[in-house]
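Asker: After the structure tokens below, expect a handful of questions from me.
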Amino acid sequence: MKSDVEIAQETVMSPVADIAATLGIPADELELYGNYKAKISLKTWERVKNKPNAKLVLVTAINPTPAGEGKTTTTVGLGDALSRLGKKAAIALREPSLGPCFGIKGGAAGGGYAQVIPMEDINLHFTGDFHAITTAHNLLAAILDNHIHQGNELNIDPRRITWRRVLDMNERALRNIICGLGGKINGVPRESGFDITVASEMMAILCLASDLEDMKERIGRIIVGYTYDNKPVTAADLNVTGALTLLFKDAIKPNLVQTLEKTPALIHGGPFANIAHGCNSVMATKFSLKLADVVVTEAGFGADLGAEKFLDIKCRFAGIRPDAVVIVATVRALKMHGGVPKTQLMGENMDALERGLANLTKHIENMQKFGLPAVVAINAFPTDTPKELAFVAEKCQVLGAEVALSEVWAKGGAGGLELAEKVLKAVETDSDFKFIYDEKSPIKEKIAAIAQEIYGADDVNYTVAAEKAIQEMTANGFDKTPVCMAKTQYSLSDDMGKVGRPRGFTITVRELRVAAGAGFIVALTGDIMTMPGLPKRPAAERMDIDNSGKITGLF
């Protein structure tokens with residue numbers, strides 16, 4: 001079996017200008033990065049903004065397991081299948097982070113015969129958007145430390161600086177640091193740390209901004225710390241918003257590439273869904289909705305994280321709504337949610353499958369709570385038996401969700417035709433979209449709504465630090481915003497070991513952070529970390545490049 005990178009390398013790509021033409025984008029509205037990737041000019045938006053929106057399909061999944069689900073692969077394959085059915089389709093995805101690419105998870109360009117290409121570029125430096133985010137974030141950190149060193153005119157308390165630094169890499173050794181050591185010339189010593197770039201508020205702002213001016217305003221609202229008398233200090237207070245926005249002059253433009261079957265794909269932004277809001281940029285999605293007839297987008301990890309944030313945060317800010325939701329699952333993963341170890345997934349196990357189906361059932365129920373029709377995509381594996389597949393279909397249909405077998409990994413768009421046909425029916429059905437909570441409600445009410453309605457928790461506990469943060473946020477007027485929950489992706493609870501559909505549990509909120517520029521507050525639960533670590537055997541150990549430039553080991 002060929003690897004993902006081998007399949008990608010064997011594909012004859014079309015010039016990106018030809019891909020753009022299928023969406024009605026002329027060559028003078030492209031900024032080329034070689035022959036096969038480009039940024040779309042902002043003047044395109046001015047030309048198309050008054051067109052009616054396309055149908056929007058959100059792809060999400062059950063809680064991930066080591067057995068794999070294939071959400072991005074399904075998203076790409078569904079877009080190709082829609083194109084095969086004669087639809088003017090486009091895909092809107094996030095950019096991959098280098099951290100998981102070189103760690104354990106791999107890239108985020110799909111897989112098998114349902115990929116976006118050039119796969120190597122997309123999974124590596126691409127068009128430099130993540131570098132711009134990292135640089136802007138760290139410039140603000142440098143300006144902040146320099147301000148304190150140069151006399152601290154704003155009376156900032158070094159013990160209450162909240163703006164850490166970022167790096168687009170899994171680097172556990174930098175989670176907590178002491179900076180400013182080495183004498184007076186090197187600044188004021190203080191505790192700090194690093195987050196991964198995808199957790200940066202700068203990333204969230206890039207993904208939620210409607211244009212460059214909106215981005216500048218959001219950047220100015222970023223809170224970097226507090227004064228000795230507990231007043232918030234912003235990027236605007238440091239007189240640096242213009243310089244920070246300057247670094248995004250190109251990064252703010254959506255990127256255009258193609259799938260293996262030449263379906264246009266807009267890939268832009270890349271926040272993680274377990275620690276950030278987990279959706280591609282508002283700009284890329286809105287561009288797609290004006291340029292195509294059907295748009296397929298995804299939200300990170302399971303529906304309890306990415307889909308909830310897509311619906312409660314992104315849709316709220318962008319003024320959009322999906323017409324249907326696809327929930328990706330595999331029989332293998334459902335059996336793992338039923339308690340079967342990864343080494344014993346080969347044989348038929350109806351008892352484990354029934355137990356694990358509770359996880360899928362909860363996600364279907366949750367999407368219905370938002371008032372959206374759901375289609376379940378069963379990502380096929382050769383070990384699936386007809387009895388297992390029929391059982392999943394029967395259980396889903398009882399809940400009112402259509403089910404389709406997806407074979408896009410092995411067959412590309414041809415393997416997603418059944419799914420595409422059912423999705424096209426779903427987007428035409430009547431729906432009654434609604435949010436799970438009122439953003440103006442008190443912070444605890446919003447968190448309780450997510451924890452109880454979406455996760456199935458009995459209650460929410462708060463640490464002393466979290467209680468104090470809520471009081472301070474409320475006093476400073478930051479409580480009337482959406483909530484971005486940071487939680488393990490592996491469970492509906494905040495305990496990664498509780499698979500399936502746990503019951504009788506509480507969620508523990510240990511810390512809250514204000515993301516005033518992004519426009520939400522972040523609630524960190526359980527032991528979730530904003531800087532991942534590398535595994536014992538990182539994927540980087542299996543990667544190489546030869547003298548001709550051919551890459552191996554990337555997936």
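The way I read the labels, and the way they are meant: chains A, B, ... in the order of the structure tokens, residue 1 as the first residue of every chain, and ligand 1 as the first ligand shown, with later ones counted on from there.
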List as a list in words the protein and nucleic acid residues near Leu291 in chain A, meaning an atom at most 9 Å away when only C-alpha atoms are counted, but skip any in the same chain fewer than 2 places from it.

Answerer: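 Final neighbour list, sorted by chain and number: Leu23, Gly24, Ile25, Val48, Lys51, Asn53, Ala54, Lys88, Ala89, Ala90, Lys286, Phe287, Ser288, Leu289 and Asp293 of chain A.
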
Asker: Compile the contact shell of Val340 in chain A as a list in words: residues with an atom at most 12 Å away, counting only C-alpha atoms, same-chain residues fewer than 3 positions apart removed.

Answerer: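 The neighbour list is Thr65, Pro66, Ala67, Val331, Arg332, Ala333, Leu334, Lys335, Met336, His337, Thr343, Gln344, Leu345, Met346, Gly347, Glu348, Asn349, Met350, Asp351, Ala352, Leu353, Glu354, Arg355, Gly356, Val499 and Gly500 of chain A.
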
Asker: Measuring between only C-alpha atoms, which one of A:Asp384, A:Asp304, A:Glu439, A:Glu472 shows the shortest distance to Gln489 in chain A?

Answerer: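 Once distances to Gln489 in chain A are computed over only C-alpha atoms, the minimum belongs to A:Asp304.
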
Asker: Quick one: residues within 10 Å of Pro442 in chain A, only C-alpha atoms counted, chain neighbours fewer than 5 positions away excluded, as a CSV table (one decimal) with N, CA, C and O atoms, in the first residue's frame?

Answerer:
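Full text of around04.csv as output:
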```csv
chain,number,residue,atom,x,y,z
A,447,ILE,N,-21.0,28.0,31.0
A,447,ILE,CA,-20.1,26.8,31.2
A,447,ILE,C,-21.0,25.7,31.6
A,447,ILE,O,-20.8,24.5,31.1
A,470,ILE,N,-13.3,34.5,37.7
A,470,ILE,CA,-14.7,34.8,37.2
A,470,ILE,C,-15.1,36.1,37.9
A,470,ILE,O,-15.7,37.0,37.2
A,474,THR,N,-15.9,39.4,35.5
A,474,THR,CA,-17.2,40.1,35.6
A,474,THR,C,-17.1,41.5,36.0
A,474,THR,O,-17.8,42.4,35.4
A,479,ASP,N,-17.5,39.4,30.9
A,479,ASP,CA,-18.4,38.2,31.1
A,479,ASP,C,-19.4,38.0,30.1
A,479,ASP,O,-20.0,37.0,29.9
A,480,LYS,N,-19.7,39.0,29.2
A,480,LYS,CA,-20.7,39.0,28.2
A,480,LYS,C,-20.2,38.5,26.9
A,480,LYS,O,-20.5,39.1,25.8
A,481,THR,N,-19.5,37.4,26.9
A,481,THR,CA,-18.8,36.9,25.7
A,481,THR,C,-19.1,35.3,25.6
A,481,THR,O,-19.4,34.7,26.6
```

Asker: Could you check which of A:Val522, A:Leu554, A:Ile219, A:Leu208 is closest to Gly319 in chain A, using only C-alpha atoms?

Answerer: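 Looking only at the distances to Gly319 in chain A, the closest residue turns out to be A:Leu208.
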
Asker: Might you pull out every residue within 7 Å of range 375-379 of chain A, with only C-alpha atoms counted and same-chain residues fewer than 2 positions away left off, and present them as number ranges by chain?

Answerer: A: 69-70, 325-330, 373, 381, 401-407, 419, 423

Asker: Determine the nearest neighbour of Phe248 in chain A from the options A:Ala358, A:Ala132, A:Ile320, A:Ile267, counting only C-alpha atoms.

Answerer: A:Ala132

Asker: Any idea what's packed within 7 Å of range 116-122 of chain A, counting only C-alpha atoms, ignoring anything in its chain fewer than 5 positions away? Could you give it as a PyMOL selection string?

Answerer: chain A and resi 5+8+95+109-110+257-260

Asker: Can you write out the residues you just picked, keeping all heavy atoms, as a PDB file, in the first residue's frame?

Answerer:
```pdb
ATOM      1  N   VAL A   5       2.102  10.337   1.312  1.00  0.00           N
ATOM      2  CA  VAL A   5       2.995  11.234   0.594  1.00  0.00           C
ATOM      3  C   VAL A   5       3.337  10.677  -0.782  1.00  0.00           C
ATOM      4  O   VAL A   5       3.493  11.436  -1.748  1.00  0.00           O
ATOM      5  CB  VAL A   5       4.266  11.536   1.425  1.00  0.00           C
ATOM      6  CG1 VAL A   5       5.178  10.323   1.553  1.00  0.00           C
ATOM      7  CG2 VAL A   5       5.018  12.728   0.838  1.00  0.00           C
ATOM      8  N   ALA A   8       0.397  11.444  -3.040  1.00  0.00           N
ATOM      9  CA  ALA A   8       0.392  12.873  -3.368  1.00  0.00           C
ATOM     10  C   ALA A   8       1.456  13.203  -4.408  1.00  0.00           C
ATOM     11  O   ALA A   8       1.215  13.976  -5.342  1.00  0.00           O
ATOM     12  CB  ALA A   8       0.600  13.696  -2.103  1.00  0.00           C
ATOM     13  N   GLU A  95      -5.121  24.986   8.485  1.00  0.00           N
ATOM     14  CA  GLU A  95      -3.729  24.667   8.172  1.00  0.00           C
ATOM     15  C   GLU A  95      -3.166  23.769   9.275  1.00  0.00           C
ATOM     16  O   GLU A  95      -3.457  23.970  10.453  1.00  0.00           O
ATOM     17  CB  GLU A  95      -2.897  25.949   8.093  1.00  0.00           C
ATOM     18  CG  GLU A  95      -3.349  26.920   7.022  1.00  0.00           C
ATOM     19  CD  GLU A  95      -2.541  28.209   7.061  1.00  0.00           C
ATOM     20  OE1 GLU A  95      -1.299  28.139   7.080  1.00  0.00           O
ATOM     21  OE2 GLU A  95      -3.156  29.289   7.076  1.00  0.00           O
ATOM     22  N   ALA A 109      -3.842  16.983   6.070  1.00  0.00           N
ATOM     23  CA  ALA A 109      -4.156  17.191   4.656  1.00  0.00           C
ATOM     24  C   ALA A 109      -5.004  16.068   4.096  1.00  0.00           C
ATOM     25  O   ALA A 109      -5.101  15.888   2.892  1.00  0.00           O
ATOM     26  CB  ALA A 109      -2.858  17.313   3.854  1.00  0.00           C
ATOM     27  N   GLY A 110      -5.657  15.288   4.975  1.00  0.00           N
ATOM     28  CA  GLY A 110      -6.408  14.126   4.526  1.00  0.00           C
ATOM     29  C   GLY A 110      -5.489  12.932   4.380  1.00  0.00           C
ATOM     30  O   GLY A 110      -4.358  12.922   4.876  1.00  0.00           O
ATOM     31  N   VAL A 257      -5.619  25.982  -2.676  1.00  0.00           N
ATOM     32  CA  VAL A 257      -4.918  24.818  -3.223  1.00  0.00           C
ATOM     33  C   VAL A 257      -5.963  23.913  -3.870  1.00  0.00           C
ATOM     34  O   VAL A 257      -7.049  24.361  -4.211  1.00  0.00           O
ATOM     35  CB  VAL A 257      -4.104  24.069  -2.138  1.00  0.00           C
ATOM     36  CG1 VAL A 257      -2.904  24.885  -1.688  1.00  0.00           C
ATOM     37  CG2 VAL A 257      -4.991  23.711  -0.946  1.00  0.00           C
ATOM     38  N   GLN A 258      -5.649  22.634  -4.025  1.00  0.00           N
ATOM     39  CA  GLN A 258      -6.566  21.707  -4.703  1.00  0.00           C
ATOM     40  C   GLN A 258      -6.519  20.344  -4.042  1.00  0.00           C
ATOM     41  O   GLN A 258      -5.573  20.013  -3.318  1.00  0.00           O
ATOM     42  CB  GLN A 258      -6.177  21.572  -6.181  1.00  0.00           C
ATOM     43  CG  GLN A 258      -4.789  20.980  -6.392  1.00  0.00           C
ATOM     44  CD  GLN A 258      -4.311  21.118  -7.824  1.00  0.00           C
ATOM     45  OE1 GLN A 258      -4.718  20.369  -8.703  1.00  0.00           O
ATOM     46  NE2 GLN A 258      -3.422  22.093  -8.063  1.00  0.00           N
ATOM     47  N   THR A 259      -7.539  19.540  -4.297  1.00  0.00           N
ATOM     48  CA  THR A 259      -7.515  18.149  -3.865  1.00  0.00           C
ATOM     49  C   THR A 259      -6.862  17.307  -4.962  1.00  0.00           C
ATOM     50  O   THR A 259      -6.552  17.795  -6.051  1.00  0.00           O
ATOM     51  CB  THR A 259      -8.937  17.617  -3.610  1.00  0.00           C
ATOM     52  OG1 THR A 259      -9.610  17.490  -4.873  1.00  0.00           O
ATOM     53  CG2 THR A 259      -9.728  18.556  -2.704  1.00  0.00           C
ATOM     54  N   LEU A 260      -6.686  16.019  -4.696  1.00  0.00           N
ATOM     55  CA  LEU A 260      -6.152  15.108  -5.711  1.00  0.00           C
ATOM     56  C   LEU A 260      -7.030  15.113  -6.959  1.00  0.00           C
ATOM     57  O   LEU A 260      -6.545  14.889  -8.067  1.00  0.00           O
ATOM     58  CB  LEU A 260      -6.065  13.683  -5.160  1.00  0.00           C
ATOM     59  CG  LEU A 260      -5.082  13.421  -4.012  1.00  0.00           C
ATOM     60  CD1 LEU A 260      -5.205  11.978  -3.545  1.00  0.00           C
ATOM     61  CD2 LEU A 260      -3.648  13.727  -4.421  1.00  0.00           C
TER      62      LEU A 260
END
```

Asker: Mind giving me the straight-line distance from CA of Ile205 in chain A to CA of Ser281 in chain A in Å, one decimal?

Answerer: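 Separation of CA of Ile205 in chain A and CA of Ser281 in chain A: 9.0 Å.
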
Asker: Taking only range 373-506 of chain A into account, list the residues labelled alpha helix (DSSP H) by DSSP (computed from the backbone), as a VMD selection string.

Answerer: chain A and resid 386 to 398 408 to 411 417 to 426 443 to 449 464 to 475

Asker: Of the candidates A:Ile148, A:Ala276, A:Ile252, A:Ala243, which one gets nearest to Lys184 in chain A if we count only C-alpha atoms?

Answerer: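 Of the candidates, the smallest distance to Lys184 in chain A is held by A:Ile148.
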
Asker: I want to know what sits within 6 Å of Asp168 in chain A, based on only C-alpha atoms, with residues of the same chain fewer than 2 positions away left out; could you give that as a list in words?

Answerer: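 Within the cut-off, the hits are Leu98, Gly99, Ile196 and Thr197 of chain A.
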
Asker: Write out, as a JSON list (two decimals), in the first residue's frame, the residues just selected, with all heavy atoms.

Answerer:
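again13.json was written with the following content:
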```json
[["chain", "number", "residue", "atom", "x", "y", "z"],
["A", 98, "LEU", "N", 2.92, 22.35, 12.85],
["A", 98, "LEU", "CA", 4.14, 21.53, 12.79],
["A", 98, "LEU", "C", 4.30, 20.64, 14.02],
["A", 98, "LEU", "O", 4.94, 19.60, 13.96],
["A", 98, "LEU", "CB", 5.36, 22.44, 12.66],
["A", 98, "LEU", "CG", 5.53, 23.17, 11.32],
["A", 98, "LEU", "CD1", 6.72, 24.12, 11.38],
["A", 98, "LEU", "CD2", 5.68, 22.20, 10.17],
["A", 99, "GLY", "N", 3.70, 21.06, 15.15],
["A", 99, "GLY", "CA", 3.84, 20.28, 16.38],
["A", 99, "GLY", "C", 3.37, 18.84, 16.21],
["A", 99, "GLY", "O", 4.15, 17.90, 16.35],
["A", 196, "ILE", "N", 1.73, 26.51, 22.45],
["A", 196, "ILE", "CA", 1.91, 26.21, 21.04],
["A", 196, "ILE", "C", 1.19, 27.30, 20.23],
["A", 196, "ILE", "O", 0.18, 27.85, 20.67],
["A", 196, "ILE", "CB", 1.39, 24.79, 20.70],
["A", 196, "ILE", "CG1", 1.85, 24.37, 19.30],
["A", 196, "ILE", "CG2", -0.12, 24.69, 20.86],
["A", 196, "ILE", "CD1", 1.70, 22.88, 19.01],
["A", 197, "THR", "N", 1.71, 27.61, 19.06],
["A", 197, "THR", "CA", 1.20, 28.73, 18.26],
["A", 197, "THR", "C", -0.30, 28.63, 18.01],
["A", 197, "THR", "O", -1.01, 29.64, 18.02],
["A", 197, "THR", "CB", 1.95, 28.80, 16.92],
["A", 197, "THR", "OG1", 3.31, 29.13, 17.18],
["A", 197, "THR", "CG2", 1.35, 29.85, 16.00]]
```

Asker: Quick one: of A:Leu85, A:Arg321, A:Asn186, A:Asn170, who's nearest to Lys422 in chain A, counting only C-alpha atoms?

Answerer: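 Among A:Leu85, A:Arg321, A:Asn186, A:Asn170, it is A:Leu85 that comes nearest to Lys422 in chain A.
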
Asker: Got a sec: who's within 6 Å of range 508-518 of chain A, counting only C-alpha atoms, leaving out chain neighbours fewer than 6 positions off, as a list in words?

Answerer: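 That gives Ala204, Ile205, Arg218, Ile219, Arg221, Ile222, Val460, Asn461, Tyr462, Thr463, Ala466, Leu524, Thr525 and Gly526 of chain A.
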
Asker: For Gly306 in chain A, which of A:Met169, A:Leu140, A:Leu266, A:Cys279 is the closest residue, counting only C-alpha atoms?

Answerer: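 Comparing A:Met169, A:Leu140, A:Leu266, A:Cys279 against Gly306 in chain A, the winner is A:Cys279.
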
Asker: Could you give me, as JSON, numbers by chain, each residue of range 52-271 of chain A that DSSP assigns to strand (DSSP E or B) when run on this structure's backbone?

Answerer: {"A": [55, 56, 57, 58, 59, 60, 61, 89, 90, 91, 92, 93, 110, 111, 114, 115, 116, 117, 156, 157, 158, 159, 160, 161, 165, 166, 167, 177, 178, 179, 190, 191, 192, 194, 195, 196, 223, 224, 225, 226, 227, 232, 233, 234, 255, 256, 257, 258, 259, 264, 265, 266, 267]}
